[in-house]
file final.txt (compact mmCIF, C-alpha atoms (C1' of nucleotides))
# COMPACT_ATOMS: atom_id res chain seq x y z
CA MET A 1 -0.64 2.55 -1.50
CA PHE A 2 -4.19 1.70 -0.75
CA LYS A 3 -4.55 -0.96 -3.37
CA PHE A 4 -6.22 -4.20 -2.52
CA SER A 5 -3.52 -6.83 -2.89
CA ARG A 6 -3.97 -9.77 -5.19
CA LYS A 7 -4.45 -11.96 -2.15
CA ILE A 8 -7.46 -9.89 -1.14
CA GLU A 9 -8.76 -9.87 -4.68
CA TYR A 10 -8.46 -13.64 -4.92
CA GLY A 11 -9.95 -14.11 -1.49
CA ILE A 12 -13.03 -12.04 -2.24
CA LEU A 13 -13.54 -13.63 -5.64
CA ALA A 14 -13.14 -17.17 -4.34
CA LEU A 15 -15.35 -16.69 -1.30
CA GLN A 16 -18.01 -15.13 -3.45
CA TYR A 17 -17.78 -18.03 -5.87
CA MET A 18 -18.14 -20.49 -3.03
CA ALA A 19 -21.07 -18.54 -1.64
CA GLY A 20 -22.87 -19.28 -4.88
CA ARG A 21 -22.46 -23.00 -4.25
CA LYS A 22 -23.56 -23.27 -0.65
CA GLN A 23 -22.50 -26.36 1.27
CA GLU A 24 -20.93 -27.96 -1.79
CA LEU A 25 -17.25 -28.81 -1.84
CA VAL A 26 -15.57 -26.75 -4.53
CA SER A 27 -12.03 -27.49 -5.63
CA ALA A 28 -9.42 -24.81 -6.05
CA LYS A 29 -9.02 -26.00 -9.59
CA GLU A 30 -12.64 -25.34 -10.42
CA ILE A 31 -12.50 -21.85 -8.97
CA ALA A 32 -9.24 -21.03 -10.72
CA GLU A 33 -10.55 -22.21 -14.08
CA ASN A 34 -13.90 -20.50 -13.85
CA LEU A 35 -12.54 -17.19 -12.61
CA GLU A 36 -9.35 -17.41 -14.64
CA LEU A 37 -7.10 -17.11 -11.64
CA SER A 38 -3.62 -18.52 -11.07
CA PHE A 39 -4.12 -21.91 -9.48
CA ASP A 40 -0.96 -21.77 -7.38
CA PHE A 41 -1.74 -18.40 -5.96
CA LEU A 42 -5.38 -19.22 -5.32
CA ALA A 43 -4.45 -22.47 -3.59
CA LYS A 44 -2.19 -20.66 -1.19
CA THR A 45 -4.83 -18.04 -0.53
CA LEU A 46 -7.46 -20.67 0.22
CA GLN A 47 -5.07 -22.45 2.55
CA THR A 48 -4.61 -19.26 4.50
CA LEU A 49 -8.35 -18.70 4.66
CA MET A 50 -8.68 -22.24 5.94
CA LYS A 51 -6.17 -21.66 8.74
CA ARG A 52 -8.08 -18.54 9.70
CA GLY A 53 -11.34 -20.41 9.81
CA LEU A 54 -13.14 -18.67 6.97
CA VAL A 55 -13.39 -21.81 4.90
CA ALA A 56 -13.30 -25.50 5.68
CA SER A 57 -11.35 -27.95 3.56
CA HIS A 58 -11.54 -31.57 2.66
CA GLN A 59 -8.49 -33.34 1.32
CA GLY A 60 -8.17 -36.16 -1.14
CA ILE A 61 -10.02 -36.99 -4.29
CA HIS A 62 -13.30 -35.09 -4.64
CA GLY A 63 -11.99 -32.79 -1.95
CA GLY A 64 -12.25 -29.05 -1.94
CA TYR A 65 -13.39 -26.09 0.09
CA LEU A 66 -16.61 -24.64 1.41
CA LEU A 67 -17.52 -21.60 3.44
CA ALA A 68 -17.12 -22.17 7.15
CA LYS A 69 -19.97 -19.80 7.89
CA ASP A 70 -22.77 -17.95 6.17
CA ALA A 71 -21.79 -15.47 3.49
CA ASP A 72 -23.51 -12.67 5.34
CA LYS A 73 -21.26 -13.33 8.32
CA ILE A 74 -18.04 -12.91 6.32
CA SER A 75 -17.02 -9.29 6.08
CA ILE A 76 -14.46 -7.73 3.78
CA SER A 77 -12.67 -6.62 6.90
CA GLU A 78 -12.38 -10.19 8.12
CA ILE A 79 -11.01 -11.32 4.77
CA ILE A 80 -8.37 -8.62 4.83
CA ARG A 81 -7.46 -9.35 8.42
CA SER A 82 -7.10 -13.01 7.53
CA LEU A 83 -4.84 -12.46 4.57
CA GLU A 84 -2.72 -9.48 5.54
CA LYS A 85 -0.35 -9.09 8.44
CA ASN A 86 -1.82 -5.81 9.51
CA ILE A 87 -4.88 -4.01 8.31
CA SER A 88 -4.13 -0.69 9.94
CA ILE A 89 -3.25 2.41 7.95
CA VAL A 90 -0.65 3.51 10.47
CA GLU A 91 2.20 1.29 11.50
CA CYS A 92 2.18 2.08 15.18
CA SER A 93 -0.14 0.19 17.42
CA PRO A 94 -1.49 1.56 20.68
CA SER A 95 0.79 -0.83 22.54
CA ILE A 96 4.00 0.35 20.97
CA ASP A 97 6.65 1.84 23.27
CA GLU A 98 8.54 5.09 23.07
CA ALA A 99 11.85 3.50 22.23
CA SER A 100 10.62 2.40 18.84
CA CYS A 101 9.66 5.88 17.70
CA SER A 102 11.33 9.12 18.61
CA ARG A 103 8.18 11.02 17.72
CA MET A 104 6.21 9.10 20.28
CA LYS A 105 6.01 11.81 22.89
CA ASN A 106 4.68 14.52 20.66
CA CYS A 107 3.32 12.91 17.52
CA THR A 108 0.49 15.08 16.35
CA ILE A 109 -1.17 13.01 13.73
CA ARG A 110 -1.57 9.46 14.88
CA GLY A 111 -4.71 10.11 16.87
CA PRO A 112 -6.57 11.64 13.97
CA LEU A 113 -5.31 8.99 11.59
CA LEU A 114 -6.53 6.25 13.86
CA LYS A 115 -9.90 7.96 13.83
CA ILE A 116 -9.90 7.89 10.03
CA GLU A 117 -8.84 4.28 10.10
CA LYS A 118 -11.61 3.37 12.48
CA LYS A 119 -14.19 4.84 10.14
CA MET A 120 -12.84 3.07 7.11
CA LEU A 121 -12.55 -0.27 8.85
CA LEU A 122 -16.05 0.08 10.19
CA TYR A 123 -17.36 0.23 6.67
CA LEU A 124 -15.27 -2.73 5.57
CA GLU A 125 -16.61 -4.54 8.61
CA GLN A 126 -20.17 -3.80 7.61
CA THR A 127 -19.81 -5.11 4.09
CA SER A 128 -20.20 -8.86 3.70
CA ILE A 129 -19.62 -11.32 0.90
CA ALA A 130 -23.37 -11.81 0.77
CA GLU A 131 -23.89 -8.10 0.23
CA ILE A 132 -21.34 -7.97 -2.51
CA SER A 133 -22.99 -10.84 -4.32
CA GLN A 134 -26.36 -9.26 -3.83
CA HIS A 135 -25.11 -6.00 -5.22
CA ASP A 136 -23.72 -7.81 -8.16
CA LYS A 137 -26.90 -9.63 -9.02
CA LYS A 138 -28.82 -6.41 -8.96
CA THR A 139 -26.52 -4.25 -10.99
CA LYS A 140 -24.71 -6.63 -13.30
CA LEU A 141 -21.71 -4.36 -13.41
CA GLU A 142 -19.07 -5.28 -15.91
CA ILE A 143 -15.79 -4.36 -14.45
CA LYS A 144 -12.32 -5.68 -13.71
CA ILE A 145 -9.88 -5.62 -10.89
CA ARG A 146 -6.47 -5.72 -12.42
CA ASN A 147 -4.64 -5.48 -15.72
CA MET B 148 -1.41 -3.04 2.03
CA PHE B 149 -3.38 -0.12 3.24
CA LYS B 150 -0.52 1.61 4.96
CA PHE B 151 -0.04 5.31 4.55
CA SER B 152 3.25 5.67 2.73
CA ARG B 153 6.04 7.75 4.16
CA LYS B 154 5.29 10.39 1.58
CA ILE B 155 1.79 10.75 2.95
CA GLU B 156 3.06 10.72 6.51
CA TYR B 157 5.58 13.44 5.74
CA GLY B 158 3.04 15.45 3.79
CA ILE B 159 0.51 15.46 6.58
CA LEU B 160 3.09 16.27 9.24
CA ALA B 161 4.65 19.09 7.24
CA LEU B 162 1.35 20.65 6.21
CA GLN B 163 0.14 20.52 9.75
CA TYR B 164 3.36 22.15 10.94
CA MET B 165 2.96 24.89 8.38
CA ALA B 166 -0.67 25.36 9.38
CA GLY B 167 0.61 26.29 12.82
CA ARG B 168 2.66 29.12 11.32
CA LYS B 169 0.10 30.75 9.06
CA GLN B 170 1.41 32.96 6.29
CA GLU B 171 5.01 32.65 7.44
CA LEU B 172 7.64 31.16 5.17
CA VAL B 173 8.94 27.98 6.76
CA SER B 174 12.04 26.25 5.44
CA ALA B 175 12.21 22.51 4.83
CA LYS B 176 15.18 22.46 7.14
CA GLU B 177 13.19 23.88 10.02
CA ILE B 178 10.40 21.38 9.53
CA ALA B 179 12.79 18.46 9.22
CA GLU B 180 14.66 19.44 12.36
CA ASN B 181 11.61 20.07 14.47
CA LEU B 182 9.74 16.98 13.42
CA GLU B 183 12.87 14.84 13.14
CA LEU B 184 12.26 13.92 9.52
CA SER B 185 14.75 13.12 6.78
CA PHE B 186 15.53 16.42 5.10
CA ASP B 187 16.05 14.92 1.65
CA PHE B 188 12.82 13.04 1.69
CA LEU B 189 10.85 15.93 3.10
CA ALA B 190 12.28 18.31 0.51
CA LYS B 191 11.15 16.06 -2.28
CA THR B 192 7.72 15.73 -0.76
CA LEU B 193 7.33 19.48 -0.40
CA GLN B 194 8.41 20.00 -3.99
CA THR B 195 5.68 17.66 -5.11
CA LEU B 196 3.11 19.43 -2.96
CA MET B 197 4.26 22.67 -4.52
CA LYS B 198 3.75 21.36 -8.05
CA ARG B 199 0.28 20.23 -7.05
CA GLY B 200 -0.57 23.64 -5.65
CA LEU B 201 -0.99 22.70 -2.00
CA VAL B 202 1.89 24.87 -0.89
CA ALA B 203 3.64 27.89 -2.34
CA SER B 204 7.41 28.19 -2.31
CA HIS B 205 9.94 30.96 -2.23
CA GLN B 206 13.48 30.27 -3.33
CA GLY B 207 16.74 31.77 -2.19
CA ILE B 208 17.99 32.79 1.19
CA HIS B 209 15.22 33.14 3.75
CA GLY B 210 13.05 31.17 1.38
CA GLY B 211 10.69 28.41 2.31
CA TYR B 212 7.15 27.17 1.99
CA LEU B 213 3.70 28.20 3.10
CA LEU B 214 0.24 26.79 2.68
CA ALA B 215 -1.33 27.82 -0.61
CA LYS B 216 -4.77 27.78 0.98
CA ASP B 217 -6.46 27.60 4.34
CA ALA B 218 -5.81 24.52 6.41
CA ASP B 219 -9.50 23.73 6.53
CA LYS B 220 -9.54 23.57 2.76
CA ILE B 221 -6.80 20.94 2.55
CA SER B 222 -8.18 17.45 2.92
CA ILE B 223 -6.31 14.23 3.58
CA SER B 224 -7.74 12.99 0.32
CA GLU B 225 -6.18 15.88 -1.55
CA ILE B 226 -2.82 15.23 0.04
CA ILE B 227 -2.92 11.60 -0.95
CA ARG B 228 -4.04 12.43 -4.46
CA SER B 229 -1.18 14.89 -4.74
CA LEU B 230 1.50 12.49 -3.59
CA GLU B 231 0.38 9.15 -4.99
CA LYS B 232 -0.20 8.12 -8.55
CA ASN B 233 -3.56 6.63 -7.84
CA ILE B 234 -5.67 6.74 -4.74
CA SER B 235 -8.12 4.06 -5.73
CA ILE B 236 -8.29 0.69 -4.02
CA VAL B 237 -8.93 -1.14 -7.26
CA GLU B 238 -6.61 -0.85 -10.20
CA CYS B 239 -9.21 -0.69 -12.92
CA SER B 240 -10.70 2.63 -13.78
CA PRO B 241 -14.18 3.05 -15.24
CA SER B 242 -12.58 3.99 -18.55
CA ILE B 243 -10.54 0.84 -18.91
CA ASP B 244 -11.26 -1.41 -21.89
CA GLU B 245 -11.96 -5.09 -22.10
CA ALA B 246 -8.64 -5.98 -23.68
CA SER B 247 -6.74 -5.09 -20.54
CA CYS B 248 -8.65 -7.48 -18.33
CA SER B 249 -10.10 -10.79 -19.30
CA ARG B 250 -12.49 -10.66 -16.39
CA MET B 251 -13.99 -7.46 -17.69
CA LYS B 252 -17.18 -8.94 -19.06
CA ASN B 253 -18.23 -10.75 -15.95
CA CYS B 254 -16.26 -9.34 -13.05
CA THR B 255 -18.46 -9.64 -10.01
CA ILE B 256 -16.65 -7.59 -7.45
CA ARG B 257 -15.49 -4.34 -8.91
CA GLY B 258 -18.81 -2.60 -8.51
CA PRO B 259 -19.07 -3.33 -4.82
CA LEU B 260 -15.43 -2.51 -4.26
CA LEU B 261 -15.84 0.83 -5.93
CA LYS B 262 -18.72 1.46 -3.59
CA ILE B 263 -16.48 0.70 -0.63
CA GLU B 264 -13.80 2.91 -2.09
CA LYS B 265 -16.21 5.76 -2.55
CA LYS B 266 -17.18 5.62 1.11
CA MET B 267 -13.61 5.57 2.32
CA LEU B 268 -12.50 8.38 0.05
CA LEU B 269 -15.47 10.43 1.12
CA TYR B 270 -14.27 10.31 4.67
CA LEU B 271 -10.71 11.18 3.70
CA GLU B 272 -12.16 14.04 1.71
CA GLN B 273 -14.07 15.32 4.70
CA THR B 274 -11.07 15.37 6.99
CA SER B 275 -8.88 18.45 6.73
CA ILE B 276 -5.50 19.44 8.07
CA ALA B 277 -7.27 21.98 10.25
CA GLU B 278 -9.43 19.26 11.76
CA ILE B 279 -6.46 17.08 12.47
CA SER B 280 -4.69 19.92 14.25
CA GLN B 281 -7.83 20.74 16.16
CA HIS B 282 -8.20 17.16 17.23
CA ASP B 283 -4.65 17.12 18.36
CA LYS B 284 -4.91 20.22 20.50
CA LYS B 285 -7.92 18.82 22.27
CA THR B 286 -6.71 15.36 22.97
CA LYS B 287 -2.93 15.65 23.29
CA LEU B 288 -2.51 12.11 22.11
CA GLU B 289 0.97 10.71 22.37
CA ILE B 290 1.47 8.47 19.47
CA LYS B 291 3.77 7.69 16.61
CA ILE B 292 3.51 6.78 12.99
CA ARG B 293 6.42 4.56 12.23
CA ASN B 294 9.20 2.55 13.82
C1' DC C 295 29.02 41.38 -7.24
C1' DA C 296 30.22 37.54 -4.35
C1' DT C 297 28.42 34.55 -1.12
C1' DA C 298 25.46 31.88 1.58
C1' DA C 299 21.19 29.68 2.05
C1' DA C 300 17.37 28.12 0.23
C1' DT C 301 14.41 25.45 -3.36
C1' DA C 302 14.27 22.41 -7.91
C1' DA C 303 15.10 18.39 -10.08
C1' DG C 304 16.92 14.25 -11.80
C1' DA C 305 19.69 10.09 -11.31
C1' DC C 306 20.84 6.31 -8.85
C1' DT C 307 20.88 2.65 -5.21
C1' DA C 308 18.91 0.02 -1.46
C1' DT C 309 15.27 -2.09 0.76
C1' DT C 310 10.99 -4.11 1.23
C1' DG C 311 6.76 -6.28 0.19
C1' DT C 312 4.20 -8.70 -3.11
C1' DA C 313 3.67 -12.00 -6.60
C1' DA C 314 4.79 -16.08 -8.79
C1' DT C 315 6.77 -20.67 -9.12
C1' DC C 316 8.19 -25.14 -7.76
C1' DG C 317 8.82 -29.36 -5.21
C1' DT C 318 7.32 -32.46 -1.95
C1' DA C 319 4.32 -34.26 1.57
C1' DT C 320 -0.14 -35.82 3.00
C1' DA C 321 -4.88 -37.25 2.74
C1' DT C 322 -8.64 -39.94 0.69
C1' DA C 323 -12.24 -41.84 -2.59
C1' DC C 324 -12.50 -45.48 -5.47
C1' DG D 325 -2.52 -48.78 -5.23
C1' DT D 326 -3.50 -44.93 -7.92
C1' DA D 327 -5.30 -40.63 -9.13
C1' DT D 328 -6.62 -36.36 -7.37
C1' DA D 329 -7.05 -33.24 -4.11
C1' DT D 330 -5.10 -30.11 -0.24
C1' DA D 331 -0.78 -28.57 2.82
C1' DC D 332 3.24 -26.27 3.12
C1' DG D 333 7.76 -24.59 2.83
C1' DA D 334 11.51 -22.77 -0.09
C1' DT D 335 12.94 -19.99 -3.54
C1' DT D 336 12.96 -16.64 -7.20
C1' DA D 337 11.25 -12.59 -9.70
C1' DC D 338 9.40 -8.24 -9.80
C1' DA D 339 7.64 -3.78 -8.51
C1' DA D 340 7.01 -0.05 -5.46
C1' DT D 341 8.82 2.54 -1.99
C1' DA D 342 12.43 4.67 0.47
C1' DG D 343 16.67 6.74 0.76
C1' DT D 344 20.85 9.14 -0.99
C1' DC D 345 23.52 12.14 -3.72
C1' DT D 346 24.70 15.58 -7.15
C1' DT D 347 23.96 19.62 -9.61
C1' DA D 348 21.33 23.64 -10.99
C1' DT D 349 18.80 27.67 -9.89
C1' DT D 350 17.11 31.43 -7.18
C1' DT D 351 17.61 35.35 -4.12
C1' DA D 352 18.61 38.25 0.15
C1' DT D 353 22.25 40.58 1.84
C1' DG D 354 26.84 42.51 3.03

call {"tool": "encode", "arguments": {"input": "final.txt", "output": "structure tokens"}}
result
Amino acid sequence: MFKFSRKIEYGILALQYMAGRKQELVSAKEIAENLELSFDFLAKTLQTLMKRGLVASHQGIHGGYLLAKDADKISISEIIRSLEKNISIVECSPSIDEASCSRMKNCTIRGPLLKIEKKMLLYLEQTSIAEISQHDKKTKLEIKIRN
Amino acid sequence: MFKFSRKIEYGILALQYMAGRKQELVSAKEIAENLELSFDFLAKTLQTLMKRGLVASHQGIHGGYLLAKDADKISISEIIRSLEKNISIVECSPSIDEASCSRMKNCTIRGPLLKIEKKMLLYLEQTSIAEISQHDKKTKLEIKIRN
DNA sequence: CATAAATAAGACTATTGTAATCGTATATAC
DNA sequence: GTATATACGATTACAATAGTCTTATTTATG
């Protein structure tokens, strides 16, 4: 549990890449080659981000993608929410009814867990693509995401 | 992604239950019946928590489990670390070598992600079973964890 | 000492979610 | 009209989690 999925990884990497080329159309192919990502998987990820309004696309020859808004307005939280069905750490939403969970009436831990979740999501909300890039430029960390 | 696994759910529920019966031996059967959990799955979870030193066990008739330390000394983070292989949100550890990831040399996001991770884990570290129980007594939230 | 009730532990299967791949359609610059 | 790009659905492969079952071991107690 608790791993960032490859979708999220690809999303963050691609958006960050695009942030470095403001306003320019960047093709999925270029991103995949430069970051050594699977083209197929990246393409699908970018298409999802497009549907969710994080990036804009342009079809046809010389087409590609660009950020739909400033990098400092795109939070990690928003990326996750765009790519995953559900960002919450607990499966039950506030709107769920009693029939779907027998523990409903006297569950003792959901409240506290939602509090934890709120804190974690707040931080993800506060961290933007711009910040990540900034951080990177400063520290020049050499690290990897996945084997 | 980002869901608490059933193991974690069971661990938190069981530890909280045991916290309410300080020093007493509580059988897995009792916990399973009262919280309506799968006995098999709970038993396995408790055995793991025992190996990790979070609970102590007593075999034989009238046997059971009890907390190995005070409820305010058991953090959510510790529970997760005890039950999952790896709590980190990124798969690459600081000790990993370049051969295992081609992006190693110029990965731009791991540093920032580790920073995010550190923040989240800090909060999980700061939240104890005792706090969760406390929270519950105050608020009497009626919620559930899973369908 | 026999028995019942409890934990300990490993093996196995099922289910689910994620990742990866492929084929085809559509748009568009030239 | 062709080459190159995105759009999108279908399908397969794989891995992690969840769930089940069996057997062994421990121990209080009559």

call {"tool": "residues_around", "arguments": {"input": "final.txt", "residues": "Ala68 (chain A)", "least_positions_apart": "2", "cutoff": "10 Å", "atoms": "all atoms listed in the file", "output": "list in words"}}
result
Gln23, Leu49, Met50, Gly53, Leu54, Val55, Ala56, Ser57, Tyr65, Leu66, Asp70, Ala71, Lys73 and Ile74 of chain A

call {"tool": "interface_residues", "arguments": {"input": "final.txt", "of": "chain A", "to": "chain C", "cutoff": "7 Å", "atoms": "only C-alpha atoms (C1' of nucleotides)", "output": "list in words"}}
result
Gln59, Gly60 and Ile61 of chain A

call {"tool": "interface_residues", "arguments": {"input": "final.txt", "of": "chain D", "to": "chain A", "cutoff": "7 Å", "atoms": "all atoms listed in the file", "output": "NGL selection string"}}
result
:D and (328-330)

call {"tool": "closest_residue", "arguments": {"input": "final.txt", "among": "A:Ser133, A:Thr48, A:Ser77, A:Ser82", "to": "chain B", "atoms": "all atoms listed in the file"}}
result
A:Ser133

call {"tool": "atom_distance", "arguments": {"input": "final.txt", "atom1": "CA of Asp219 (chain B)", "atom2": "CA of Gln163 (chain B)"}}
result
10.7 Å

call {"tool": "atom_distance", "arguments": {"input": "final.txt", "atom1": "CA of Leu261 (chain B)", "atom2": "CA of Gly158 (chain B)"}}
result
25.8 Å

call {"tool": "closest_residue", "arguments": {"input": "final.txt", "among": "A:Leu13, A:Leu42, A:Leu67, A:Val26", "to": "chain B", "atoms": "all atoms listed in the file"}}
result
A:Leu13

call {"tool": "closest_residue", "arguments": {"input": "final.txt", "among": "A:Ile109, A:Lys115, A:Lys7, A:Leu122", "to": "chain B", "atoms": "all atoms listed in the file"}}
result
A:Ile109
